[in-house]
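Peer 1: My questions will all concern the structure given below.
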There are 2 protein chains.
Amino acid sequence: MAKRYEKVSEDVRRRIESGEYSPGDRLPAETALAAEYKVSLPTMRQALAALQTEGLIEKRHGRGNFVRKQRQRAERSNLRHQWEKNRARADLKERSSTGATELDTGLSIKQLAFHAQYERIQAPEELATALGVEPGTAVLKRTYRTRSTNEDEPLNVARSYIPYELAEQNPDLLDESQEPWPGGTMNQLHTVGVEVDRVEEVITARPPTGEEVEELGLMAGVSVMDVRKTLYDISGRIVEVADVVLPGDRYAVKCVTTLERW
Amino acid sequence: MAKRYEKVSEDVRRRIESGEYSPGDRLPAETALAAEYKVSLPTMRQALAALQTEGLIEKRHGRGNFVRKQRQRAERSNLRHQWEKNRARADLKERSSTGATELDTGLSIKQLAFHAQYERIQAPEELATALGVEPGTAVLKRTYRTRSTNEDEPLNVARSYIPYELAEQNPDLLDESQEPWPGGTMNQLHTVGVEVDRVEEVITARPPTGEEVEELGLMAGVSVMDVRKTLYDISGRIVEVADVVLPGDRYAVKCVTTLERW
DNA sequence: GAGTGGTCTAGACCACTGT
DNA sequence: CAGTGGTCTAGACCACTCC
C-alpha cells in the first residue's frame, strides 16, 4: 500500500524531527541517501521534494539539502491603521520619522529600501467593482516594492489603486518622486480632504506564481497571503483599494477586534 | 536558458488562459501532450505538476487532467465575534437557530455536520505560553470538525483550548455530548461568569501537511491558513486559545477595522 | 478491458558551488 | 576540479475510473 517514496520521506522526516539533523544542517548527498534506502535517485528525489513542499527542508543547487530554519515572522497588525490615521495630521518631522512597514518588521527606516512606480490606468472589470466605479474609470495605480537592505530578499509587493479624480486634487500625489511619502496614504488622502473611517482587509492564501517566486525570492514550498485592503471614508465612499502579497513564511497578519461591553 | 518543462508548461498555461480549455475541461492525455510537444512523459508530467502547484489544473487519477474551477469562498469576518457576543446572552431559542459557521458559509444549520471531541490535557510549552499559564497546567482541549453534508468535503478543523480551572466551574462544559452548544464559546464562557472583551487573531499561510491533505480532502497545490484566535476577558485574562485550519482555496478571512473619528 | 494517471528504474548529461 | 543537485530520456509495470 505505502509507496516507496512515502516510506523514505517518512523516515527522513523522523530523523530530522528526532534531532539527528538540526536546523541548518546539511543532509547526506542524494546519491548517498538513495543508496542507503536502496531506491533509485529519482525516487529519492521525489521523497525529498515532498519534504521540501512541507517546508521541512530546503534544496540548494550545487550545495545540498538543508534542514530549514524557522524564520522570524514580521507581524502586520490591523492596529497599524489607527496608528497611521493618528499620524496623518502630525507635523512633517514626526511623519518622516518612521512608517508602517517599519512598525511591522521592527526594522529601522534606513534598513528598508523602497521603490515606487506610478501609473495612470483605466479600471478593468474586477478593479472597478472593488472600487465601486464604472469599468474604464481613470485610476492611479501605484506599485511598491519593499526590500530589506541587510538580507537582499524582498519583503513584499503592494499595488494600490486610487480614483484618479481624487488623487489629481493634489498634484503632488501624482508624482512618484515624492515617495516614500511621509505619513503614508492616510496623510496623502488627508491633503485632499479625506478622512478614513473604516478599513476592510480580506486575506486569502495560495501558492505563489512563478513570477512571484522570482520577484520575492521565495523558496519552492512556501505559500503567499493576498491581502486586499479597502479604505472607506466617513461618507462611505471607497477611497483606496490595495493588494498586498506577503510571503507566508515571513509574515503573520494580526487582526484585533475589540467588543462592545455589556 | 529556459528548461524544456518550463517552455511546455508556459505554453499549456497560455492555452488555458486563452480559453482553448475552459474551467472543468479535460486536457488531452499526458502521452498525447508529450508526443505533441516532443518531450518524454516524465518531462511532460513535470510541466503539468508545475501547473498543478499554481492551482491552474487538477489531476484526477485514472480520469485525466482538468482545468480547475474557481471555487466560491466562504468568508470568515471578524464581525462574527461581536455577533457571537451579542447572542451569548440571548434566549435558548435564538441561540439554537444558527451558529457562526453558518454565518460564514451561508449554509443552513442542517447542511453542516459537526463533530466534537473533548480531552483533558496538560499544556505543553508552546500552548502554555499562548494561554499565559505555567507549562503542565490542566487544559480542556476540544477538537471540532465541520463538514458540509452536500459536498462530502470537510470545511475546517479547529482545536480550542480553555484553562480547565475555568471550564470545570460548569460541568456541562466538560461534556462533549452537549455539542453543538447553542450560542457557541461566548455563551459557554458566559455561564462561568466571563465577559469577552477582545479577540486577537493571527493568520499565517503554509502548504498543508500530508495529514491535512487527507483530513480536509485538499488537492495538492492548495495552501492553508492557520488562524490562532486568542480571547481576552474584561480583566485582560486569556480565556481561550483556538487554532483553526482553513483551506486556502475555500476560505477568505476578513478583518474590519473601524477608526476613531477626528 | 481500454484508457488514464502514478510509481519506479538505470543512466546520461547539464548547471551550480566551493576549493 | 570535485561534489552536488537539476533536467531529461525510454520504458516497465501498477492503480484507478469508466464503460
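The chains in the C-alpha cells are called A, B, ... from first to last as shown; in each chain the residues are counted from 1, and the ligands are counted from 1 in the order shown.
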Here's a check: after a least-squares fit over all in-order C-alpha atoms, write chain B in the frame of chain A, as an mmCIF file with C-alpha atoms, in the first residue's frame.
Peer 2:
data_model
loop_
_atom_site.group_PDB
_atom_site.id
_atom_site.type_symbol
_atom_site.label_atom_id
_atom_site.label_comp_id
_atom_site.auth_asym_id
_atom_site.auth_seq_id
_atom_site.Cartn_x
_atom_site.Cartn_y
_atom_site.Cartn_z
ATOM 1 C CA MET B 1 -0.124 0.132 0.043
ATOM 2 C CA ALA B 2 2.440 2.693 1.094
ATOM 3 C CA LYS B 3 4.516 3.947 -1.809
ATOM 4 C CA ARG B 4 8.249 3.688 -1.493
ATOM 5 C CA TYR B 5 8.885 7.411 -1.759
ATOM 6 C CA GLU B 6 6.398 7.989 1.066
ATOM 7 C CA LYS B 7 8.129 5.473 3.280
ATOM 8 C CA VAL B 8 11.445 7.128 2.556
ATOM 9 C CA SER B 9 10.236 10.679 3.147
ATOM 10 C CA GLU B 10 8.533 9.571 6.358
ATOM 11 C CA ASP B 11 11.769 8.113 7.614
ATOM 12 C CA VAL B 12 13.784 11.189 6.702
ATOM 13 C CA ARG B 13 11.144 13.353 8.383
ATOM 14 C CA ARG B 14 11.428 11.223 11.502
ATOM 15 C CA ARG B 15 15.195 11.608 11.502
ATOM 16 C CA ILE B 16 14.923 15.369 11.232
ATOM 17 C CA GLU B 17 12.273 15.646 13.920
ATOM 18 C CA SER B 18 14.256 13.356 16.222
ATOM 19 C CA GLY B 19 17.074 15.866 16.045
ATOM 20 C CA GLU B 20 19.505 13.717 14.076
ATOM 21 C CA TYR B 21 19.706 16.679 11.733
ATOM 22 C CA SER B 22 19.189 20.138 13.178
ATOM 23 C CA PRO B 23 17.947 23.280 11.450
ATOM 24 C CA GLY B 24 20.682 24.508 9.127
ATOM 25 C CA ASP B 25 22.369 21.095 8.825
ATOM 26 C CA ARG B 26 23.060 19.586 5.455
ATOM 27 C CA LEU B 27 21.585 16.199 4.688
ATOM 28 C CA PRO B 28 23.724 13.499 3.046
ATOM 29 C CA ALA B 29 23.932 13.743 -0.746
ATOM 30 C CA GLU B 30 20.952 12.475 -2.698
ATOM 31 C CA THR B 31 23.015 9.675 -4.224
ATOM 32 C CA ALA B 32 24.138 8.596 -0.748
ATOM 33 C CA LEU B 33 20.575 8.650 0.594
ATOM 34 C CA ALA B 34 19.297 6.770 -2.449
ATOM 35 C CA ALA B 35 21.893 4.062 -1.839
ATOM 36 C CA GLU B 36 21.103 3.946 1.873
ATOM 37 C CA TYR B 37 17.384 3.473 1.270
ATOM 38 C CA LYS B 38 17.969 1.224 -1.728
ATOM 39 C CA VAL B 39 15.827 3.303 -4.089
ATOM 40 C CA SER B 40 16.630 4.940 -7.399
ATOM 41 C CA LEU B 41 17.774 8.525 -7.504
ATOM 42 C CA PRO B 42 14.519 9.868 -9.013
ATOM 43 C CA THR B 43 12.539 8.153 -6.261
ATOM 44 C CA MET B 44 14.818 9.610 -3.602
ATOM 45 C CA ARG B 45 14.373 13.001 -5.195
ATOM 46 C CA GLN B 46 10.608 12.598 -5.138
ATOM 47 C CA ALA B 47 10.770 11.832 -1.415
ATOM 48 C CA LEU B 48 12.865 14.940 -0.792
ATOM 49 C CA ALA B 49 10.566 17.052 -2.953
ATOM 50 C CA ALA B 50 7.683 16.080 -0.653
ATOM 51 C CA LEU B 51 9.648 17.291 2.366
ATOM 52 C CA GLN B 52 10.450 20.510 0.528
ATOM 53 C CA THR B 53 6.759 21.094 -0.153
ATOM 54 C CA GLU B 54 6.047 20.639 3.547
ATOM 55 C CA GLY B 55 8.644 23.293 4.224
ATOM 56 C CA LEU B 56 10.858 20.929 6.210
ATOM 57 C CA ILE B 57 13.915 21.092 3.977
ATOM 58 C CA GLU B 58 15.377 23.539 1.516
ATOM 59 C CA LYS B 59 17.145 22.492 -1.668
ATOM 60 C CA ARG B 60 20.192 24.509 -2.708
ATOM 61 C CA HIS B 61 21.503 23.790 -6.142
ATOM 62 C CA GLY B 62 25.095 22.616 -6.135
ATOM 63 C CA ARG B 63 25.322 22.682 -2.356
ATOM 64 C CA GLY B 64 22.940 20.177 -0.870
ATOM 65 C CA ASN B 65 19.656 19.723 0.963
ATOM 66 C CA PHE B 66 19.369 21.594 4.234
ATOM 67 C CA VAL B 67 17.035 21.359 7.189
ATOM 68 C CA ARG B 68 15.063 24.549 7.143
ATOM 69 C CA LYS B 69 15.250 27.088 9.934
ATOM 70 C CA GLN B 70 12.085 28.656 11.222
ATOM 71 C CA ARG B 71 12.283 32.277 10.162
ATOM 72 C CA GLN B 72 11.242 35.079 12.372
ATOM 73 C CA ARG B 73 7.992 36.495 11.159
ATOM 74 C CA ALA B 74 7.099 40.118 10.746
ATOM 75 C CA GLU B 75 3.659 40.831 12.160
ATOM 76 C CA ARG B 76 1.269 43.066 10.300
ATOM 77 C CA SER B 77 -1.407 44.119 12.766
ATOM 78 C CA ASN B 78 -4.616 45.949 11.954
ATOM 79 C CA LEU B 79 -3.769 48.323 14.794
ATOM 80 C CA ARG B 80 -1.415 49.920 12.247
ATOM 81 C CA HIS B 81 -4.405 51.622 10.662
ATOM 82 C CA GLN B 82 -5.356 53.580 13.758
ATOM 83 C CA TRP B 83 -1.674 54.349 14.285
ATOM 84 C CA GLU B 84 -1.395 55.612 10.715
ATOM 85 C CA LYS B 85 -4.571 57.668 11.001
ATOM 86 C CA ASN B 86 -3.284 59.321 14.150
ATOM 87 C CA ARG B 87 -0.095 60.348 12.332
ATOM 88 C CA ALA B 88 -1.874 61.605 9.246
ATOM 89 C CA ARG B 89 -2.352 65.002 10.863
ATOM 90 C CA ALA B 90 0.985 65.117 12.715
ATOM 91 C CA ASP B 91 3.722 67.554 11.708
ATOM 92 C CA LEU B 92 6.206 66.713 8.970
ATOM 93 C CA LYS B 93 9.009 65.851 11.353
ATOM 94 C CA GLU B 94 7.040 63.201 13.180
ATOM 95 C CA ARG B 95 5.549 61.827 9.964
ATOM 96 C CA SER B 96 9.031 61.460 8.468
ATOM 97 C CA SER B 97 10.438 59.559 11.415
ATOM 98 C CA THR B 98 9.004 56.146 10.645
ATOM 99 C CA GLY B 99 6.391 54.327 8.591
ATOM 100 C CA ALA B 100 4.018 51.416 8.923
ATOM 101 C CA THR B 101 6.327 48.805 7.439
ATOM 102 C CA GLU B 102 8.998 49.644 9.989
ATOM 103 C CA LEU B 103 6.325 49.188 12.636
ATOM 104 C CA ASP B 104 5.641 45.677 11.333
ATOM 105 C CA THR B 105 9.168 44.497 10.924
ATOM 106 C CA GLY B 106 10.888 46.246 13.780
ATOM 107 C CA LEU B 107 13.512 47.422 11.305
ATOM 108 C CA SER B 108 14.554 51.045 11.176
ATOM 109 C CA ILE B 109 13.702 53.245 8.219
ATOM 110 C CA LYS B 110 17.298 53.075 7.018
ATOM 111 C CA GLN B 111 17.247 49.295 6.785
ATOM 112 C CA LEU B 112 14.412 49.360 4.302
ATOM 113 C CA ALA B 113 14.846 50.095 0.633
ATOM 114 C CA PHE B 114 11.759 51.302 -1.064
ATOM 115 C CA HIS B 115 10.737 51.560 -4.670
ATOM 116 C CA ALA B 116 7.567 53.132 -6.024
ATOM 117 C CA GLN B 117 6.165 53.292 -9.521
ATOM 118 C CA TYR B 118 3.099 55.295 -10.548
ATOM 119 C CA GLU B 119 0.821 54.694 -13.475
ATOM 120 C CA ARG B 120 -2.491 56.013 -14.748
ATOM 121 C CA ILE B 121 -4.716 53.169 -15.857
ATOM 122 C CA GLN B 122 -8.307 52.514 -16.772
ATOM 123 C CA ALA B 123 -10.003 50.253 -14.255
ATOM 124 C CA PRO B 124 -10.624 46.761 -15.576
ATOM 125 C CA GLU B 125 -13.757 44.881 -14.571
ATOM 126 C CA GLU B 126 -12.617 43.309 -11.325
ATOM 127 C CA LEU B 127 -10.900 46.435 -10.014
ATOM 128 C CA ALA B 128 -13.837 48.664 -10.937
ATOM 129 C CA THR B 129 -16.136 46.420 -8.892
ATOM 130 C CA ALA B 130 -13.776 46.596 -5.933
ATOM 131 C CA LEU B 131 -13.553 50.384 -6.158
ATOM 132 C CA GLY B 132 -17.280 50.815 -6.735
ATOM 133 C CA VAL B 133 -16.786 52.704 -9.999
ATOM 134 C CA GLU B 134 -17.635 52.111 -13.661
ATOM 135 C CA PRO B 135 -15.219 49.929 -15.627
ATOM 136 C CA GLY B 136 -12.845 52.144 -17.590
ATOM 137 C CA THR B 137 -12.729 54.890 -14.973
ATOM 138 C CA ALA B 138 -9.273 56.473 -14.615
ATOM 139 C CA VAL B 139 -7.344 55.130 -11.643
ATOM 140 C CA LEU B 140 -3.928 55.918 -10.194
ATOM 141 C CA LYS B 141 -2.023 52.662 -9.858
ATOM 142 C CA ARG B 142 0.960 52.631 -7.554
ATOM 143 C CA THR B 143 3.342 49.693 -7.240
ATOM 144 C CA TYR B 144 5.552 49.448 -4.169
ATOM 145 C CA ARG B 145 8.415 47.097 -3.553
ATOM 146 C CA THR B 146 10.014 46.969 -0.135
ATOM 147 C CA ARG B 147 13.321 45.268 0.504
ATOM 148 C CA SER B 148 15.479 44.832 3.529
ATOM 149 C CA THR B 149 18.962 46.227 2.909
ATOM 150 C CA ASN B 150 20.576 43.619 5.188
ATOM 151 C CA GLU B 151 19.252 40.479 3.666
ATOM 152 C CA ASP B 152 18.877 41.063 -0.022
ATOM 153 C CA GLU B 153 15.545 39.307 -0.036
ATOM 154 C CA PRO B 154 12.519 41.492 -0.785
ATOM 155 C CA LEU B 155 9.822 41.706 1.845
ATOM 156 C CA ASN B 156 6.670 42.387 -0.073
ATOM 157 C CA VAL B 157 5.031 43.809 -3.138
ATOM 158 C CA ALA B 158 1.981 46.034 -2.953
ATOM 159 C CA ARG B 159 -0.274 47.563 -5.572
ATOM 160 C CA SER B 160 -2.512 50.453 -4.600
ATOM 161 C CA TYR B 161 -5.393 51.902 -6.587
ATOM 162 C CA ILE B 162 -6.962 55.307 -6.007
ATOM 163 C CA PRO B 163 -9.644 56.977 -8.162
ATOM 164 C CA TYR B 164 -7.735 59.441 -10.371
ATOM 165 C CA GLU B 165 -10.367 62.060 -9.782
ATOM 166 C CA LEU B 166 -9.443 62.003 -6.117
ATOM 167 C CA ALA B 167 -5.650 61.945 -6.493
ATOM 168 C CA GLU B 168 -5.442 64.773 -9.023
ATOM 169 C CA GLN B 169 -6.877 67.227 -6.512
ATOM 170 C CA ASN B 170 -3.328 67.405 -5.171
ATOM 171 C CA PRO B 171 -0.718 67.270 -7.988
ATOM 172 C CA ASP B 172 1.939 66.069 -5.545
ATOM 173 C CA LEU B 173 0.014 62.817 -5.223
ATOM 174 C CA LEU B 174 0.663 62.094 -8.903
ATOM 175 C CA ASP B 175 4.429 62.394 -8.565
ATOM 176 C CA GLU B 176 6.231 59.171 -7.721
ATOM 177 C CA SER B 177 9.450 61.006 -6.862
ATOM 178 C CA GLN B 178 7.721 62.223 -3.688
ATOM 179 C CA GLU B 179 7.887 58.646 -2.312
ATOM 180 C CA PRO B 180 8.291 57.487 0.334
ATOM 181 C CA TRP B 181 5.577 59.931 1.329
ATOM 182 C CA PRO B 182 5.907 60.945 4.977
ATOM 183 C CA GLY B 183 2.800 59.770 6.773
ATOM 184 C CA GLY B 184 1.708 57.325 4.120
ATOM 185 C CA THR B 185 -1.590 56.994 2.321
ATOM 186 C CA MET B 186 -3.714 58.296 5.194
ATOM 187 C CA ASN B 187 -1.813 61.589 5.065
ATOM 188 C CA GLN B 188 -2.007 61.724 1.289
ATOM 189 C CA LEU B 189 -5.767 61.334 1.458
ATOM 190 C CA HIS B 190 -5.890 63.942 4.218
ATOM 191 C CA THR B 191 -4.369 66.485 1.803
ATOM 192 C CA VAL B 192 -7.379 66.105 -0.453
ATOM 193 C CA GLY B 193 -9.849 66.364 2.397
ATOM 194 C CA VAL B 194 -10.512 62.686 3.000
ATOM 195 C CA GLU B 195 -10.922 61.202 6.459
ATOM 196 C CA VAL B 196 -10.738 57.418 6.517
ATOM 197 C CA ASP B 197 -13.376 55.757 8.647
ATOM 198 C CA ARG B 198 -13.077 52.034 8.068
ATOM 199 C CA VAL B 199 -10.517 49.571 6.742
ATOM 200 C CA GLU B 200 -11.545 46.176 5.424
ATOM 201 C CA GLU B 201 -8.926 43.554 4.714
ATOM 202 C CA VAL B 202 -9.628 40.215 3.081
ATOM 203 C CA ILE B 203 -6.902 37.609 3.427
ATOM 204 C CA THR B 204 -6.528 34.540 1.242
ATOM 205 C CA ALA B 205 -3.686 32.062 0.810
ATOM 206 C CA ARG B 206 -2.313 30.319 -2.261
ATOM 207 C CA PRO B 207 0.907 28.987 -3.717
ATOM 208 C CA PRO B 208 3.034 31.703 -5.335
ATOM 209 C CA THR B 209 3.104 32.156 -9.097
ATOM 210 C CA GLY B 210 6.412 31.592 -10.846
ATOM 211 C CA GLU B 211 6.739 35.350 -11.220
ATOM 212 C CA GLU B 212 6.380 35.866 -7.475
ATOM 213 C CA VAL B 213 8.961 33.190 -6.737
ATOM 214 C CA GLU B 214 11.360 35.309 -8.782
ATOM 215 C CA GLU B 215 10.224 38.674 -7.484
ATOM 216 C CA LEU B 216 10.084 37.839 -3.795
ATOM 217 C CA GLY B 217 12.955 35.363 -3.777
ATOM 218 C CA LEU B 218 10.722 32.638 -2.390
ATOM 219 C CA MET B 219 11.673 29.043 -1.870
ATOM 220 C CA ALA B 220 9.545 26.460 -3.593
ATOM 221 C CA GLY B 221 7.246 25.115 -0.946
ATOM 222 C CA VAL B 222 6.184 28.413 0.566
ATOM 223 C CA SER B 223 2.713 29.911 0.453
ATOM 224 C CA VAL B 224 1.788 33.542 0.002
ATOM 225 C CA MET B 225 -0.999 35.562 1.548
ATOM 226 C CA ASP B 226 -2.999 37.964 -0.556
ATOM 227 C CA VAL B 227 -4.280 40.886 1.450
ATOM 228 C CA ARG B 228 -6.870 43.068 -0.261
ATOM 229 C CA LYS B 229 -7.311 46.256 1.708
ATOM 230 C CA THR B 230 -10.254 48.560 1.091
ATOM 231 C CA LEU B 231 -10.397 52.036 2.634
ATOM 232 C CA TYR B 232 -13.763 53.736 3.235
ATOM 233 C CA ASP B 233 -14.067 57.402 4.086
ATOM 234 C CA ILE B 234 -16.559 58.797 6.577
ATOM 235 C CA SER B 235 -19.228 59.136 3.883
ATOM 236 C CA GLY B 236 -18.904 55.445 2.997
ATOM 237 C CA ARG B 237 -17.081 56.090 -0.291
ATOM 238 C CA ILE B 238 -14.214 53.778 -1.266
ATOM 239 C CA VAL B 239 -11.040 55.863 -1.448
ATOM 240 C CA GLU B 240 -8.356 53.219 -1.924
ATOM 241 C CA VAL B 241 -8.047 49.568 -2.813
ATOM 242 C CA ALA B 242 -4.673 47.906 -2.283
ATOM 243 C CA ASP B 243 -3.391 44.396 -2.942
ATOM 244 C CA VAL B 244 -0.467 43.244 -0.877
ATOM 245 C CA VAL B 245 1.351 39.964 -1.394
ATOM 246 C CA LEU B 246 3.095 38.660 1.708
ATOM 247 C CA PRO B 247 5.445 35.655 1.849
ATOM 248 C CA GLY B 248 3.720 33.135 4.102
ATOM 249 C CA ASP B 249 6.882 32.129 5.909
ATOM 250 C CA ARG B 250 7.962 35.657 6.787
ATOM 251 C CA TYR B 251 4.728 37.374 7.712
ATOM 252 C CA ALA B 252 1.812 36.951 10.058
ATOM 253 C CA VAL B 253 -1.317 39.075 9.773
ATOM 254 C CA LYS B 254 -2.855 40.060 13.075
ATOM 255 C CA CYS B 255 -6.459 41.117 13.470
ATOM 256 C CA VAL B 256 -7.497 42.614 16.790
ATOM 257 C CA THR B 257 -11.222 43.007 17.463
ATOM 258 C CA THR B 258 -12.440 44.936 20.487
ATOM 259 C CA LEU B 259 -15.995 44.092 21.521
ATOM 260 C CA GLU B 260 -18.717 46.256 22.978
ATOM 261 C CA ARG B 261 -19.133 45.941 26.734
ATOM 262 C CA TRP B 262 -22.204 44.473 28.353
#
Peer 1: Looking only at alpha helix (DSSP H) from DSSP on the backbone, list the matching residues of segment 32-185 of chain A as a tab-separated table (two decimals) with N, CA and C atoms, in the first residue's frame.
Peer 2:
chain	number	residue	atom	x	y	z
A	32	ALA	N	23.91	9.35	-1.97
A	32	ALA	CA	24.20	8.57	-0.76
A	32	ALA	C	22.91	8.09	-0.11
A	33	LEU	N	21.92	8.99	-0.01
A	33	LEU	CA	20.64	8.62	0.59
A	33	LEU	C	19.94	7.55	-0.25
A	34	ALA	N	19.99	7.73	-1.56
A	34	ALA	CA	19.35	6.75	-2.45
A	34	ALA	C	19.96	5.37	-2.22
A	35	ALA	N	21.29	5.32	-2.10
A	35	ALA	CA	21.97	4.04	-1.86
A	35	ALA	C	21.55	3.48	-0.51
A	36	GLU	N	21.51	4.35	0.51
A	36	GLU	CA	21.16	3.91	1.86
A	36	GLU	C	19.76	3.30	1.90
A	37	TYR	N	18.81	3.93	1.22
A	37	TYR	CA	17.44	3.44	1.26
A	37	TYR	C	17.17	2.43	0.15
A	41	LEU	N	17.64	7.09	-7.77
A	41	LEU	CA	17.82	8.52	-7.50
A	41	LEU	C	16.52	9.32	-7.71
A	42	PRO	N	15.81	9.13	-8.82
A	42	PRO	CA	14.55	9.88	-9.00
A	42	PRO	C	13.57	9.65	-7.85
A	43	THR	N	13.48	8.42	-7.35
A	43	THR	CA	12.57	8.14	-6.24
A	43	THR	C	13.03	8.87	-4.98
A	44	MET	N	14.33	8.86	-4.74
A	44	MET	CA	14.87	9.59	-3.59
A	44	MET	C	14.54	11.07	-3.73
A	45	ARG	N	14.70	11.57	-4.94
A	45	ARG	CA	14.42	12.99	-5.15
A	45	ARG	C	12.94	13.30	-4.94
A	46	GLN	N	12.07	12.38	-5.32
A	46	GLN	CA	10.64	12.58	-5.09
A	46	GLN	C	10.34	12.66	-3.59
A	47	ALA	N	11.01	11.79	-2.84
A	47	ALA	CA	10.82	11.80	-1.38
A	47	ALA	C	11.27	13.14	-0.80
A	48	LEU	N	12.41	13.63	-1.25
A	48	LEU	CA	12.92	14.91	-0.74
A	48	LEU	C	12.03	16.07	-1.18
A	49	ALA	N	11.49	15.97	-2.40
A	49	ALA	CA	10.60	17.03	-2.89
A	49	ALA	C	9.38	17.16	-1.98
A	50	ALA	N	8.89	16.01	-1.48
A	50	ALA	CA	7.74	16.04	-0.59
A	50	ALA	C	8.09	16.79	0.70
A	51	LEU	N	9.30	16.55	1.21
A	51	LEU	CA	9.71	17.24	2.43
A	51	LEU	C	9.91	18.73	2.18
A	52	GLN	N	10.35	19.06	0.97
A	52	GLN	CA	10.51	20.47	0.63
A	52	GLN	C	9.15	21.17	0.62
A	53	THR	N	8.15	20.48	0.03
A	53	THR	CA	6.80	21.05	-0.04
A	53	THR	C	6.23	21.28	1.35
A	79	LEU	N	-3.93	47.13	13.94
A	79	LEU	CA	-3.79	48.33	14.77
A	79	LEU	C	-3.00	49.40	14.03
A	80	ARG	N	-2.21	48.97	13.02
A	80	ARG	CA	-1.44	49.92	12.23
A	80	ARG	C	-2.32	50.98	11.61
A	81	HIS	N	-3.58	50.67	11.33
A	81	HIS	CA	-4.43	51.64	10.64
A	81	HIS	C	-4.78	52.81	11.55
A	82	GLN	N	-5.10	52.51	12.81
A	82	GLN	CA	-5.37	53.60	13.74
A	82	GLN	C	-4.10	54.41	13.97
A	83	TRP	N	-2.98	53.69	14.07
A	83	TRP	CA	-1.68	54.33	14.27
A	83	TRP	C	-1.39	55.27	13.10
A	84	GLU	N	-1.67	54.81	11.90
A	84	GLU	CA	-1.40	55.62	10.71
A	84	GLU	C	-2.35	56.81	10.63
A	85	LYS	N	-3.59	56.57	11.02
A	85	LYS	CA	-4.56	57.69	10.98
A	85	LYS	C	-4.15	58.78	11.98
A	86	ASN	N	-3.69	58.35	13.14
A	86	ASN	CA	-3.27	59.32	14.14
A	86	ASN	C	-2.12	60.19	13.63
A	87	ARG	N	-1.24	59.60	12.85
A	87	ARG	CA	-0.08	60.33	12.35
A	87	ARG	C	-0.40	61.19	11.13
A	92	LEU	N	5.39	67.37	9.96
A	92	LEU	CA	6.24	66.69	8.99
A	92	LEU	C	7.35	65.89	9.67
A	93	LYS	N	7.91	66.47	10.72
A	93	LYS	CA	9.04	65.82	11.38
A	93	LYS	C	8.64	64.45	11.94
A	94	GLU	N	7.50	64.42	12.61
A	94	GLU	CA	7.06	63.16	13.18
A	94	GLU	C	6.66	62.17	12.09
A	95	ARG	N	6.00	62.69	11.07
A	95	ARG	CA	5.57	61.80	9.99
A	95	ARG	C	6.76	61.16	9.28
A	96	SER	N	7.87	61.93	9.20
A	96	SER	CA	9.04	61.42	8.48
A	96	SER	C	9.80	60.36	9.26
A	97	SER	N	9.58	60.31	10.57
A	97	SER	CA	10.45	59.50	11.41
A	97	SER	C	10.35	58.01	11.12
A	100	ALA	N	4.76	52.57	8.44
A	100	ALA	CA	4.03	51.40	8.92
A	100	ALA	C	4.80	50.10	8.72
A	101	THR	N	5.57	50.02	7.65
A	101	THR	CA	6.32	48.78	7.42
A	101	THR	C	7.39	48.59	8.48
A	102	GLU	N	8.01	49.71	8.89
A	102	GLU	CA	9.00	49.62	9.97
A	102	GLU	C	8.33	49.12	11.24
A	103	LEU	N	7.10	49.58	11.45
A	103	LEU	CA	6.34	49.15	12.62
A	103	LEU	C	6.14	47.64	12.62
A	104	ASP	N	5.85	47.08	11.44
A	104	ASP	CA	5.63	45.64	11.32
A	104	ASP	C	6.90	44.85	11.59
A	105	THR	N	7.97	45.30	10.94
A	105	THR	CA	9.15	44.45	10.89
A	105	THR	C	10.10	44.69	12.04
A	125	GLU	N	-12.61	45.48	-15.24
A	125	GLU	CA	-13.81	44.95	-14.59
A	125	GLU	C	-13.68	44.72	-13.08
A	126	GLU	N	-12.75	43.82	-12.72
A	126	GLU	CA	-12.66	43.39	-11.33
A	126	GLU	C	-12.33	44.56	-10.41
A	127	LEU	N	-11.36	45.38	-10.83
A	127	LEU	CA	-10.94	46.52	-10.01
A	127	LEU	C	-12.06	47.54	-9.87
A	128	ALA	N	-12.77	47.77	-10.97
A	128	ALA	CA	-13.87	48.73	-10.94
A	128	ALA	C	-14.92	48.31	-9.92
A	129	THR	N	-15.24	47.03	-9.89
A	129	THR	CA	-16.19	46.51	-8.91
A	129	THR	C	-15.69	46.77	-7.50
A	130	ALA	N	-14.40	46.49	-7.28
A	130	ALA	CA	-13.83	46.66	-5.95
A	130	ALA	C	-13.84	48.13	-5.53
A	131	LEU	N	-13.63	49.03	-6.48
A	131	LEU	CA	-13.59	50.46	-6.16
A	131	LEU	C	-14.98	51.08	-6.17
A	164	TYR	N	-8.59	58.42	-9.88
A	164	TYR	CA	-7.72	59.50	-10.37
A	164	TYR	C	-8.31	60.86	-10.01
A	165	GLU	N	-9.59	60.93	-10.11
A	165	GLU	CA	-10.35	62.13	-9.77
A	165	GLU	C	-9.99	62.66	-8.38
A	166	LEU	N	-9.76	61.72	-7.49
A	166	LEU	CA	-9.43	62.07	-6.11
A	166	LEU	C	-7.96	62.51	-6.01
A	167	ALA	N	-7.07	61.73	-6.60
A	167	ALA	CA	-5.64	62.00	-6.48
A	167	ALA	C	-5.23	63.31	-7.13
A	184	GLY	N	2.41	58.37	4.85
A	184	GLY	CA	1.70	57.32	4.12
A	184	GLY	C	0.40	57.76	3.48
A	185	THR	N	-0.38	56.78	3.08
A	185	THR	CA	-1.60	57.02	2.32
A	185	THR	C	-2.63	57.84	3.10
Peer 1: Chain C residues within 12 Å of chain A, counting only C-alpha atoms (C1' of nucleotides): which ones, as a PyMOL selection string?
Peer 2: chain C and resi 6-11+14-18
Peer 1: Work out how far apart atom C1' of DC13 of chain C and atom C1' of DC13 of chain D are and give it in Å to one decimal.
Peer 2: 26.4 Å
Peer 1: I need the residues of segment 119-179 of chain A that end up classed as strand (DSSP E) by DSSP on the backbone, written out as an NGL selection string.
Peer 2: :A and (119-122 or 138-148 or 154-163)
Peer 1: Tell me, in Å to one decimal, how far atom C1' of DA10 of chain D is from atom C1' of DT4 of chain C.
Peer 2: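 Computed distance, atom C1' of DA10 of chain D to atom C1' of DT4 of chain C, equals 19.4 Å.
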Peer 1: Report as CSV: every residue of chain D with an atom at most 8 Å from chain B, its closest pair of atoms, and their distance in Å to one decimal, counting only C-alpha atoms (C1' of nucleotides), with rows sorted by chain and ascending residue number.
Peer 2:
residue,atom,partner,partner_atom,distance
D:DT7,C1',B:Lys3,CA,7.7
D:DC8,C1',B:Thr43,CA,6.8
D:DT9,C1',B:Ser40,CA,6.3
D:DA10,C1',B:Ser40,CA,7.9
D:DC16,C1',B:Gly62,CA,4.8
D:DT17,C1',B:Gly62,CA,5.2
